[in-house]
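Q: Please read through the structure below; I'll follow up with questions.
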Amino acid sequence: MSQPDAATEPADAPAPTPFHRLADYAAIPRVGGLALSRDGRLVIAVQTLDPEKKKWVSALWEVDPEGRRPAHRLTRSAPGESSPAWAPDGSLLFTSARPDPEATADKNGEPKPALWALPPGGGEARLVLARTGGVAGFAVAADSGHVAVLASTMPGAADAEADEARRKERKDAGVSAVLHESYPVRFWDHDLGPAVSHVYWLGQVPPEVPAGTAGEPPELRDLTPEAGPPHGAGDEISLSPDGRLLARSEDVPDGPAGRRSRLVLQDTATGETRVLVDDPLADIHGGAFSPDGRSLVCVREAMSTYAEPPDYTLLLVDVESGRASDLTAGFDRWPSAPQFSADGSTVYFLADDDGRHAIFRVDLDGGQPVRLTEDGAYSDLQVARDGSALFALRSGYDSPAVPVRVDPTAERQQPVVLPNPGTIERLPGRLEEVEAVAADGARVQSWLVLPEGASADNPAPLLLWIHGGPLMSWNSWSWRWCPWVLAARGYAVLMPNPALSQGFGQDFVRRGWGEWGGAPYTDLMTAVDAVVERPDIDADRTAAMGGSFGGYMANWVATQTDRFRAIVTHASLWDLDAFTGTTDAAYYWEKEWGDPLREPKRYEQNSPHRFADAIRTPMLVIHGDKDYRVPIGEGLRLWYDLQKRGVPSKFLYFPDENHWVLTPGNTGVWYETVIAFLAEHVLGEEWQRPELV
C-alpha cells in the first residue's frame with residue numbers, strides 16, 4: 001500500500017493534512033512551556049518558523065484558563081522569548097536574546113539570553129538583567145517575588161565586569177583551550193568549562209526607570225562563589241515562597257571518575273549553605289517547597305548497579321531538621337516533577353504508567369498514589385493558587401502538546417483542552433493500542449499508527465519504531481520522531497514498549513537489565529509477530545528504525561534477523577566498549593555494563609559490532625558530529641563496517657547537529673532521506689536522492 005505524496009503535487013495544491021508535505025509539517029506551531037500566575041493567568045511558549053524558515057522561534061501566548069476565549073500573543077521579537085514565570089505582582093518574567101533597546105551597540109558580539117519583564121498591565125517588555133555569558137535560568141519566590149538567577153561565570157571573576165574582561169582576554173588571545181582536572185569534560189553537545197554555572201541573588205526586580213534615563217545595572221550577589229568545574233552550581237534551583245531559602249541540586253564526586261547529586265539549602269540573606277539530603281547510594285533532585293516553606297518534596301533516584309536498575313521515589317523533607325520520609329513507598333512506578341497542593345496537604349507528581357505519562361496525587365498523611373489522568377503524557381504541571389484546578393501540557397500520539405485544565409479530585413479523567421494555536425484538526429490515520437505476550441508471559445504494550453485506507457484489501461507496509469532511553473517508553477508526541485509523517489505516506493508504524501521500558505514496573509525493567517540483546521529484542525519481535533498477523537498489515541513489506549538506544553536495537557536487529565527489508569539507525573551505539581569510554585558520562589553506563597576490562601561478559605554478548613558479519617539488510621546510518629551522548633565514532637565505525645562487508649548502506653551525516661536533529665532544514669532532509677530509503681527498499685521504488693544533500 002502506498003499513498004500519493006503531496007510533496008509531488010503543485011506547491012499551491014492543498015494537502016490533506018500538514019503531515020503530507022514536509023514544509024507544512026515544519027510550519028505547525030509547537031507548544032512548550034507553561035506558567036500560571038497567582039491570580040490565575042496562564043501563559044504558554046509557542047514555537048513557529050522564522051520568516052527565513054531556518055529556525056523555530058518561540059513567543060509567549062496567554063491562554064484563557066476557563067477555555068472561553070482564544071489564546072492571544074503577548075511577545076514578538078526575532079530572537080524569541082522562552083522560560084516564562086510570573087512574579088506575584090503580575091509581571092511576567094522570561095528569557096530572551098532580543099537586543100536591549102536602550103543599548104547603543106552590541107559590544108559583546110552574539111546576543112545571549114537575558115532576563116526580561118513584561119509589566120502587569122501589558123505594554124513593552126523591559127530588560128531586567130544581562131550578563132556577558134547569558135542568563136541560563138531563574139527562579140521566582142511565589143509570595144515575595146524575590147528572584148535568583150543562574151549564569152555562567154569565568155573562574156576567578158568576582159563580578160560581571162571581571163567576567164566580561166576574562167572572556168575578552170581569552171578571545172583577544174585566540175585561546176579556546178580548556179584545562180580539565182576532573183571528569184567529565186563535556187555534556188550532550190557542548191564542552192564544559194572554563195566558565196561554570198553560578199547562582200546569583202537578584203532580590204526584587206528593579207523598578208522601571210523613566211524613558212531616556214540611564215538606570216544603574218542591578219546589583220547581584222554570588223550565592224555560590226566557590227562553584228567550580230565540571231558542573232558548577234548546577235542548573236536546578238527553587239526558592240521558598242518567602243524567598244528566604246534556596247534549594248538546589250549540587251553535583252559532587254562519586255568515586256574516582258563518577259558523579260552524583262545531593263540537595264543543599266542556602267540562606268539567601270547570608271549565603272550560608274547546608275546539606276539537606278545526601279545519600280551516597282542515590283541522586284537527589286527535583287526539590288519543591290510547600291506553601292508554608294516548612295517542607296520540601298524531592299526525587300530520590302537510587303543509583304543503578306551491575307545487578308539492579310535504578311529506582312525512584314519521592315522524599316518528604318522537613319526543612320528545619322532535614323528529616324526525610326518516603327512518600328511513595330511501595331509505588332512500583334518512577335515519580336518525577338513533584339508539586340505541593342495549594343493547602344500543602346497533598347503532592348501531585350508525574351510518572352510513566354502503562355504507555356502513558358500520567359498525573360498522580362498522594363496525600364501526606366499516607367495512602368497509595370491515585371492516578372488522575374487516563375490517556376496522554378503530561379508535563380509542566382501547575383497548581384492553581386486556590387486549589388480549584390491543575391494545569392499542564394498534555395500530548396500523546398493523538399495530539400502534540402496542548403494546555404489543559406485538570407480536576408484535582410477526579411480519577412482517570414480526560415482533561416479539558418484550552419484554546420491554543422497548537423491544536424491539530426486532523427491526523428492522516430488512526431491510533432490503536434495493541435499488546436502481545438512474550439515467551440516468559442510478560443505483556444508487551446505497543447502503539448500502532450494506521451494510515452487512512454489500511455484494510456485487508458489494501459494492507460499497509462509496517463515500520464517498527466524502537467524508542468531510545470532505554471529507560472523510557474513510547475507515550476508522548478515527538479516532533480523529531482513523528483509517526484504521522486510516515487502514515488501520510490501509507491506506512492503503519494508500530495511503537496512497542498519492550499523490556500527496559502519504564503511505566504510497567506521494576507520487574508519489567510529488570511528483564512532487560514544488562515542484557516539489551518535479550519528480552520528487549522525478543523519483546524520487539526513478539527510485538528511485530530502479533531501485528532503482522534493482522535489483515536490490514538502487509539507482513540512481506542516491513543522495516544525497522546530507532547534512535548539512540550533504539551538505534552542500538554536497530555543495529556542489533558540487523559545482526560539477528562533478515563526479516564526486515566530495510567533498517568534505519570540514528571545516533572546509534574555500535575561498539576559498546578568504545579561507546580562507554582567516550583560518551584559524556586561513562587560512569588553512568590559502567591554501572592550497568594561493568595568495567596570492560598574487568599567484566600567483559602556483557603560487552604561481548606550484547607555489542608552489535610561483534611556480529612557484523614551476519615548483517616544482510618540494507619541500512620541507513622544517521623549521526624550528528626555534535627553528539628556527545630553517542631559520539632560520532634559509533635556512526636563512523638558502523639558505516640565502515642557495513643561498507644567493507646558490501647552491505648547496501650548510506651550515511652546521512654550532520655556536521656552541526658547533536659544527538660537530535662533540531663533545525664528545520666536538517667529536519668526536512670532527515671525525513672526526506674528516511675522516506676526515500678524506505679521507498680527504495682520497502683516499496684520497491686527507484687532511489688530518489690534528496691536534492692540538498
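By order in the C-alpha cells, chains are A, B, ...; within a chain, residues start at 1; ligands start at 1, following the order shown.
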Within 6 Å of His623 of chain A, counting only C-alpha atoms, which residues qualify if same-chain residues fewer than 3 places away don't, as a list of chain:residue names?
A: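 Residues near the query, excluding close chain neighbours: A:His570, A:Ala571, A:Gly635, A:Tyr653.
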Q: Please produce a file of the residues just selected, as a JSON list (two decimals), in the first residue's frame, where the atoms kept are N, CA and C atoms.
A:
[["chain", "number", "residue", "atom", "x", "y", "z"],
["A", 570, "HIS", "N", 19.74, 5.69, 13.89],
["A", 570, "HIS", "CA", 20.08, 7.10, 14.14],
["A", 570, "HIS", "C", 20.80, 7.21, 15.48],
["A", 571, "ALA", "N", 21.94, 7.94, 15.51],
["A", 571, "ALA", "CA", 22.69, 8.20, 16.75],
["A", 571, "ALA", "C", 22.84, 6.93, 17.57],
["A", 635, "GLY", "N", 28.95, 6.05, 14.79],
["A", 635, "GLY", "CA", 28.38, 6.07, 13.44],
["A", 635, "GLY", "C", 29.44, 5.81, 12.37],
["A", 653, "TYR", "N", 25.02, 12.33, 7.32],
["A", 653, "TYR", "CA", 25.90, 12.94, 8.33],
["A", 653, "TYR", "C", 25.54, 14.41, 8.52]]
Q: Per DSSP on the backbone, filter segment 216-299 of chain A down to the residues in strand (DSSP E or B) and report them as a PyMOL selection string.
A: chain A and resi 221-222+237-239+245-253+259-267+273-277+282-289+295-299
Q: Got time to write the residues from that selection, N, CA and C atoms, as a CSV table (one decimal), in the first residue's frame?
A:
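Written out: again.csv:
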chain,number,residue,atom,x,y,z
A,221,ARG,N,24.4,39.4,43.9
A,221,ARG,CA,25.3,38.8,44.9
A,221,ARG,C,25.5,37.3,44.6
A,222,ASP,N,26.7,36.9,44.5
A,222,ASP,CA,27.0,35.5,44.2
A,222,ASP,C,26.8,34.6,45.4
A,237,ILE,N,17.3,25.1,40.5
A,237,ILE,CA,17.1,25.8,41.7
A,237,ILE,C,15.7,26.1,41.9
A,238,SER,N,15.3,26.2,43.2
A,238,SER,CA,13.9,26.6,43.6
A,238,SER,C,14.0,27.5,44.8
A,239,LEU,N,13.1,28.4,45.0
A,239,LEU,CA,13.0,29.3,46.1
A,239,LEU,C,11.8,29.0,47.0
A,245,LEU,N,14.9,31.0,51.5
A,245,LEU,CA,15.7,29.8,51.3
A,245,LEU,C,15.8,29.4,49.8
A,246,LEU,N,16.9,29.0,49.4
A,246,LEU,CA,17.1,28.5,48.0
A,246,LEU,C,17.5,27.0,48.1
A,247,ALA,N,16.8,26.1,47.4
A,247,ALA,CA,17.2,24.7,47.3
A,247,ALA,C,17.8,24.5,45.9
A,248,ARG,N,18.9,23.7,45.9
A,248,ARG,CA,19.5,23.4,44.6
A,248,ARG,C,20.1,22.0,44.6
A,249,SER,N,20.1,21.4,43.5
A,249,SER,CA,20.7,20.0,43.4
A,249,SER,C,22.2,20.3,43.1
A,250,GLU,N,23.1,19.8,43.9
A,250,GLU,CA,24.5,20.0,43.8
A,250,GLU,C,25.2,18.8,43.4
A,251,ASP,N,26.1,18.9,42.4
A,251,ASP,CA,26.8,17.8,41.8
A,251,ASP,C,28.1,17.6,42.7
A,252,VAL,N,28.3,16.3,43.1
A,252,VAL,CA,29.5,16.0,43.9
A,252,VAL,C,30.2,14.7,43.4
A,253,PRO,N,31.5,14.5,43.7
A,253,PRO,CA,32.2,13.3,43.2
A,253,PRO,C,31.6,12.1,43.8
A,259,ARG,N,30.0,10.8,39.3
A,259,ARG,CA,29.3,12.0,39.9
A,259,ARG,C,27.9,11.6,40.4
A,260,ARG,N,27.5,12.2,41.4
A,260,ARG,CA,26.1,12.1,41.9
A,260,ARG,C,25.6,13.5,42.4
A,261,SER,N,24.3,13.6,42.7
A,261,SER,CA,23.8,14.9,43.1
A,261,SER,C,23.2,14.7,44.5
A,262,ARG,N,23.3,15.8,45.3
A,262,ARG,CA,22.6,15.9,46.6
A,262,ARG,C,21.9,17.2,46.6
A,263,LEU,N,21.0,17.4,47.6
A,263,LEU,CA,20.2,18.6,47.8
A,263,LEU,C,20.8,19.4,48.9
A,264,VAL,N,21.1,20.7,48.5
A,264,VAL,CA,21.6,21.6,49.5
A,264,VAL,C,20.6,22.8,49.7
A,265,LEU,N,20.7,23.5,50.8
A,265,LEU,CA,19.8,24.6,51.1
A,265,LEU,C,20.7,25.8,51.5
A,266,GLN,N,20.3,26.9,50.9
A,266,GLN,CA,21.0,28.1,51.2
A,266,GLN,C,20.2,29.2,51.8
A,267,ASP,N,20.7,29.9,52.7
A,267,ASP,CA,20.1,31.1,53.2
A,267,ASP,C,20.4,32.3,52.3
A,273,THR,N,25.3,27.8,53.6
A,273,THR,CA,24.8,26.6,52.9
A,273,THR,C,24.9,25.4,53.8
A,274,ARG,N,23.8,24.6,53.8
A,274,ARG,CA,23.9,23.3,54.5
A,274,ARG,C,23.3,22.2,53.6
A,275,VAL,N,23.8,21.0,53.8
A,275,VAL,CA,23.3,19.9,53.0
A,275,VAL,C,22.0,19.4,53.7
A,276,LEU,N,21.0,19.3,52.8
A,276,LEU,CA,19.7,18.9,53.3
A,276,LEU,C,19.5,17.4,53.2
A,277,VAL,N,19.7,16.9,52.0
A,277,VAL,CA,19.6,15.4,51.7
A,277,VAL,C,20.8,15.0,51.0
A,282,ALA,N,22.3,7.3,46.0
A,282,ALA,CA,21.2,7.9,45.2
A,282,ALA,C,21.6,9.3,44.7
A,283,ASP,N,20.9,9.7,43.7
A,283,ASP,CA,20.9,11.1,43.2
A,283,ASP,C,19.6,11.7,43.8
A,284,ILE,N,19.8,13.0,44.3
A,284,ILE,CA,18.6,13.7,44.8
A,284,ILE,C,18.4,14.9,44.0
A,285,HIS,N,17.2,15.1,43.5
A,285,HIS,CA,16.9,16.3,42.7
A,285,HIS,C,15.4,16.6,42.7
A,286,GLY,N,15.0,17.6,42.0
A,286,GLY,CA,13.6,18.0,41.8
A,286,GLY,C,13.0,18.6,43.0
A,287,GLY,N,13.7,19.3,43.8
A,287,GLY,CA,13.2,19.9,45.1
A,287,GLY,C,12.1,21.0,44.8
A,288,ALA,N,11.0,20.9,45.6
A,288,ALA,CA,9.9,21.9,45.5
A,288,ALA,C,9.4,22.1,46.9
A,289,PHE,N,9.2,23.4,47.3
A,289,PHE,CA,8.8,23.8,48.6
A,289,PHE,C,7.3,23.7,48.8
A,295,SER,N,8.4,22.5,54.5
A,295,SER,CA,8.7,21.2,54.0
A,295,SER,C,9.1,21.3,52.5
A,296,LEU,N,9.7,20.3,52.1
A,296,LEU,CA,10.2,20.2,50.7
A,296,LEU,C,10.0,18.8,50.2
A,297,VAL,N,9.6,18.6,49.0
A,297,VAL,CA,9.5,17.3,48.4
A,297,VAL,C,10.5,17.2,47.3
A,298,CYS,N,11.1,16.1,47.1
A,298,CYS,CA,12.2,15.9,46.1
A,298,CYS,C,12.2,14.5,45.6
A,299,VAL,N,12.9,14.2,44.6
A,299,VAL,CA,13.0,12.9,44.0
A,299,VAL,C,14.3,12.2,44.5
Q: Within 7 Å of segment 548-553 of chain A, counting only C-alpha atoms, which residues show up once you throw out same-chain ones fewer than 2 positions away? Write them as a PyMOL selection string, please.
A: chain A and resi 466-470+545-546+555-557+569-574
Q: Could you save the residues just selected, with C-alpha atoms, as a compact mmCIF listing (two decimals), in the first residue's frame?
A:
# COMPACT_ATOMS: atom_id res chain seq x y z
CA ILE A 466 12.13 1.50 18.58
CA HIS A 467 12.34 4.09 21.36
CA GLY A 468 15.51 5.49 22.91
CA GLY A 469 16.47 5.76 26.54
CA PRO A 470 16.46 2.87 27.14
CA MET A 545 14.26 2.01 12.76
CA GLY A 546 15.32 3.64 16.01
CA ASN A 555 21.74 -2.44 14.83
CA TRP A 556 21.14 -5.49 17.00
CA VAL A 557 18.08 -6.42 14.95
CA THR A 569 19.69 3.61 12.66
CA HIS A 570 20.08 7.10 14.14
CA ALA A 571 22.69 8.20 16.75
CA SER A 572 23.26 4.55 17.49
CA LEU A 573 25.53 2.52 19.74
CA TRP A 574 27.61 0.03 17.77
Q: For segment 88-100 of chain A, please output as a list of chain:residue names all residues within 6 Å (counting only C-alpha atoms; exclusion window: fewer than 3 positions along the same chain).
A: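 So the residues in contact are A:Pro79, A:Glu81, A:Ser82, A:Ser83, A:Pro84, A:Ala85, A:Ala103, A:Pro111, A:Lys112, A:Pro113, A:Ala114, A:Leu115, A:Trp116, A:Ala117, A:Leu118, A:Pro119, A:Pro120, A:Gly145.
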Q: Of the candidates A:Asp143, A:Glu164, A:Glu169, A:Asp613, which shows the shortest atom-to-atom distance to Arg385 of chain A, using only C-alpha atoms?
A: A:Asp143
Q: For Glu425 of chain A, work out the shell of residues within 9 Å, counting only C-alpha atoms and skipping chain neighbours fewer than 2 positions away, then give it as an MDAnalysis selection string.
A: chainID A and resid 17 423 427
Q: Distance atom CA of Pro18 of chain A-atom CA of Leu393 of chain A, one decimal place?
A: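 One can read the atom CA of Pro18 of chain A to atom CA of Leu393 of chain A distance as 21.6 Å.
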Q: What residues in segment 495-581 of chain A get the DSSP label alpha helix (DSSP H)? Please answer as a ChimeraX atom specification.
A: /A:506-510,519-531,549-560,576-581
Q: For Pro535 of chain A, find every residue with an atom within 10 Å (counting only C-alpha atoms), except residues of its own chain fewer than 3 positions away, and show them as a ChimeraX atom specification.
A: /A:454-460,531-532,538-539
Q: If you keep C-alpha atoms, can you produce a file of those selected residues as a PDB file, in the first residue's frame?
A:
ATOM      1  CA  ALA A 454      -5.453   0.380   5.572  1.00  0.00           C
ATOM      2  CA  SER A 455      -7.599  -2.753   5.242  1.00  0.00           C
ATOM      3  CA  ALA A 456      -7.495  -6.421   4.311  1.00  0.00           C
ATOM      4  CA  ASP A 457      -7.889  -5.383   0.687  1.00  0.00           C
ATOM      5  CA  ASN A 458      -5.200  -2.725   0.970  1.00  0.00           C
ATOM      6  CA  PRO A 459      -2.703  -3.773   3.679  1.00  0.00           C
ATOM      7  CA  ALA A 460      -0.126  -1.228   4.818  1.00  0.00           C
ATOM      8  CA  VAL A 531       0.856  -7.170  14.415  1.00  0.00           C
ATOM      9  CA  VAL A 532       1.803  -8.771  11.080  1.00  0.00           C
ATOM     10  CA  ASP A 538       1.492  -6.330   4.819  1.00  0.00           C
ATOM     11  CA  ALA A 539       3.797  -8.854   6.501  1.00  0.00           C
TER      12      ALA A 539
END
Q: Closest to Leu662 of chain A among A:Val135, A:Ala351, A:Trp479, A:Leu192, using only C-alpha atoms?
A: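 Result for the nearest residue to Leu662 of chain A: A:Trp479.
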Q: I need the residue nearest Asp386 of chain A from this list: A:Pro155, A:Ile615, A:Ala26, A:Ser37. Use only C-alpha atoms for the distance.
A: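 Among the listed residues, the smallest separation from Asp386 of chain A belongs to A:Ser37.
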Q: Excluding Ala586 of chain A and residues on its chain fewer than 3 positions from it, collect all residues at most 12 Å away from it, counting only C-alpha atoms, and give them as a PyMOL selection string.
A: chain A and resi 183-187+257-259+576-583+589-596+628-631
Q: Put those residues in a file: C-alpha atoms, as a compact mmCIF listing (two decimals), in the first residue's frame.
A:
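part14.txt was written with the following content:
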# COMPACT_ATOMS: atom_id res chain seq x y z
CA TYR A 183 35.72 14.24 34.86
CA PRO A 184 33.58 14.80 32.76
CA VAL A 185 34.79 17.24 30.10
CA ARG A 186 31.65 17.70 28.01
CA PHE A 187 27.89 17.22 28.16
CA ALA A 257 35.50 9.48 37.97
CA GLY A 258 31.84 9.34 38.95
CA ARG A 259 29.29 12.00 39.91
CA LEU A 576 29.68 -0.86 23.43
CA ASP A 577 33.23 -0.84 24.78
CA ALA A 578 34.24 2.17 22.66
CA PHE A 579 30.97 3.95 23.41
CA THR A 580 31.25 3.53 27.18
CA GLY A 581 34.69 5.11 27.25
CA THR A 582 33.85 8.10 25.06
CA THR A 583 30.30 9.10 25.96
CA TRP A 589 26.86 3.25 31.76
CA GLU A 590 29.57 1.32 33.57
CA LYS A 591 27.18 0.83 36.47
CA GLU A 592 25.11 -1.41 34.20
CA TRP A 593 27.77 -2.87 31.95
CA GLY A 594 30.70 -3.04 34.35
CA ASP A 595 34.32 -2.18 33.64
CA PRO A 596 35.02 -3.58 30.15
CA TYR A 628 28.49 13.78 22.75
CA ARG A 629 26.00 11.35 24.26
CA VAL A 630 26.68 8.79 21.48
CA PRO A 631 29.88 10.12 19.92
